[in-house]
Amino acid sequence: MPFRFIYFVRFALILLAGAIFALLRASSTGDEIARTPLQIDSSETAWTSEELKRDPNIIVVLSEAFWDPTVIQGLTFSRAPIPTFHALQEKYTNGWMLSPQFGGGTANVELEVLTGNSMRFLPEDSIAYEQYIKHDVDSMASILARQGYTSTAISPFYNWYFDSSNVYRHFGFSRFISFEYFDPNEYVGPYIGDHAVAKRIIEENERSSGPDFIFANTMENHYHYWPGKFKKNTIDIKGDMSAEAIGILETYAQGANGADAMLQELVEHYSRVKEPTILVFFGDHLPSLEKEFVYRESKYISGEDDPEYLEKMHHVPVLVWDNYLNHGKDSLQISPSFLSPYILELAQKRGSAYTDFLRELSKKVPVIPPSSYYSAYHVNAADLSEYEQRQQQILFGESSAQEAAKPPLGKDPNFISGYGDPEIRSVSPGQLPAGESKLVAELKKSVTVTVHGGRYGIASAVFADGKPLQTTWVSEDTLSAVLPKELYTGKTGSLELDIRVIDEKNNVLGQSKPYPLPIADKQ
């Protein structure tokens, strides 16, 4: 289909760059972290009435291509890929959502979950974030922000991809931590690992004094799944498939295990935290498994004409865990656009007129399939007409068109990119010599300066008098840079240093205040 073709072509160059980087980082952080089975702290039951009155944190994790590969019949796994998810299914609300996507198109699933708007009423091959979100659209972020929440979005991918930075601002988030603010030692394979996302979820929650709404997506288990993606695959699969198909599925299972480890990390952390917290964890779409090759090889599907194709290829798992409620266990079978109204009701938070409408509609029509499946799903198109009309007004109504026609905003003081502007607190050496002997000058063409401050990430670079320097990330509070002698030799006064956060398209996302580095005669 055109969308799938466009998606994979668009991603190819980015993927190639990531793969090359991963190969160069063969000695980087390990791809498998030994872990013990899930352990939930029993102190979670010791809540006071005052603690239970606090507004709950709401954390929503879109786990890239998360799915249960053990549903494929006839395969044997050397160990369970997603043991934490399976353990939590026994006690907590879980089920499936009918994703509008397969193998890609994460942004379209985000749109449904965050805003309640449905891709079923938009052109099949569209990318909603890039085409339709050009104005403010009410979302879980803005609804909860109006009730005193801090709304934060986290994504370990480029800020500009799917126009995410602008979209999250339009959705009412106050902070967006994108790939540029992650650390270069946080790769697992060609992408940033899921643990790094969990780390930032916890950090942002601890940063704020009130309740948090945090929406995070992940990248560790993103397409591709060819063997060699991770440093080591630790899950062996046996079954009636070709070696090529088994290799692809073993790679996917390894990535799914990383996602499951992230889920365990978050659950164990929040089981110890005395803040009411709801954690929603779901997959956005099934993995491509190299354009359905594994699904066909394993006979999971017979082809696109398989009578169960929609269910098998578009059902994504969803889990809702909490550390304070005793409301029982729900079995979810819904469309992603109905998830946010469900969560708002569960958290006992006010929604909007739109989310209230969607909550009631979901009780009558919980799943919205493609129109060609209406009969099979017993859906009456007339029951969805008001939904479609409301969505059209939200996305394309007169007020929306007027707002979209306005000139783009400059830097929004209510929307913080990453951790805000970086800082320089000190630099060593503390001064630069203005003059040296000719011999020393010949032998020493440059000097390395070490900058201390924060918070520094992958995209942080040192500049001197407006010129970029070769920069090496040392830690979140330290950078080192090579300063060519010609930039300061023969000069007096000082050299002006600053740190800039620069994305792949040379957009400056943040910039420190200038730091004067004195130039003085060598004593």
# chains A, B, ... in the order shown; residues from 1 in each chain; ligands from 1
$ residues_around --residues "Ile214 in chain A" --least-positions-apart "4" --cutoff "10 Å" --atoms "only C-alpha atoms" --output "list in words"
Asn57, Ile58, Ile59, Val60, Val61, Met140, Ala141, Tyr149, Thr150, Ser151, Thr152, Ala153, Ile154, Phe173, Arg175, Phe176, Arg200, Ile201, Ile202, Glu204, Asn205 and Leu279 of chain A
$ select_by_dssp --residues "range 253-366 of chain A" --states "strand (DSSP E)" --output "ChimeraX atom specification"
/A:277-283,315-322,331-334
$ residues_around --residues "Ser512 in chain A" --least-positions-apart "4" --cutoff "10 Å" --atoms "only C-alpha atoms" --output "list of chain:residue names"
A:Gly420, A:Asp421, A:Pro422, A:Glu423, A:Ile424, A:Gly453, A:Gly454, A:Val462, A:Leu497, A:Asp498, A:Ile499, A:Arg500, A:Val501
$ residues_around --residues "Tyr225 in chain A" --least-positions-apart "3" --cutoff "12 Å" --atoms "only C-alpha atoms" --output "CSV table (one decimal) with C-alpha atoms, in the first residue's frame"
chain,number,residue,atom,x,y,z
A,15,LEU,CA,17.7,3.3,9.8
A,19,ALA,CA,22.7,0.7,12.0
A,65,ALA,CA,5.6,-2.7,18.0
A,103,GLY,CA,4.1,-2.3,10.8
A,189,GLY,CA,21.2,-1.8,19.0
A,190,PRO,CA,20.6,1.0,16.5
A,220,GLU,CA,14.4,-0.1,21.1
A,221,ASN,CA,12.2,-2.7,19.2
A,222,HIS,CA,11.6,-0.6,16.1
A,228,GLY,CA,22.7,-8.8,14.2
A,229,LYS,CA,20.5,-5.8,15.2
A,230,PHE,CA,21.4,-6.5,18.9
A,233,ASN,CA,20.1,-12.6,21.0
A,244,GLU,CA,15.7,-16.8,8.0
A,245,ALA,CA,12.2,-16.5,9.6
A,246,ILE,CA,13.5,-17.8,12.9
A,247,GLY,CA,16.3,-15.3,12.9
A,248,ILE,CA,13.9,-12.4,12.4
A,249,LEU,CA,11.6,-13.6,15.1
A,250,GLU,CA,14.4,-14.2,17.6
A,251,THR,CA,15.6,-10.6,17.0
A,252,TYR,CA,12.0,-9.3,17.6
A,253,ALA,CA,11.7,-11.5,20.8
A,254,GLN,CA,14.9,-10.0,22.1
A,255,GLY,CA,13.6,-6.5,21.6
A,256,ALA,CA,10.2,-7.4,23.2
A,287,PRO,CA,5.9,-5.6,14.0
A,288,SER,CA,6.5,-5.8,10.3
A,289,LEU,CA,8.6,-9.0,10.8
A,290,GLU,CA,9.9,-8.0,7.4
A,291,LYS,CA,6.7,-7.3,5.6
A,292,GLU,CA,4.7,-10.2,6.9
A,293,PHE,CA,7.3,-12.8,5.9
A,294,VAL,CA,7.4,-14.5,9.4
$ closest_residue --among "A:Val508, A:Leu286, A:Leu266, A:Ala464" --to "Tyr488 in chain A" --atoms "only C-alpha atoms"
A:Ala464
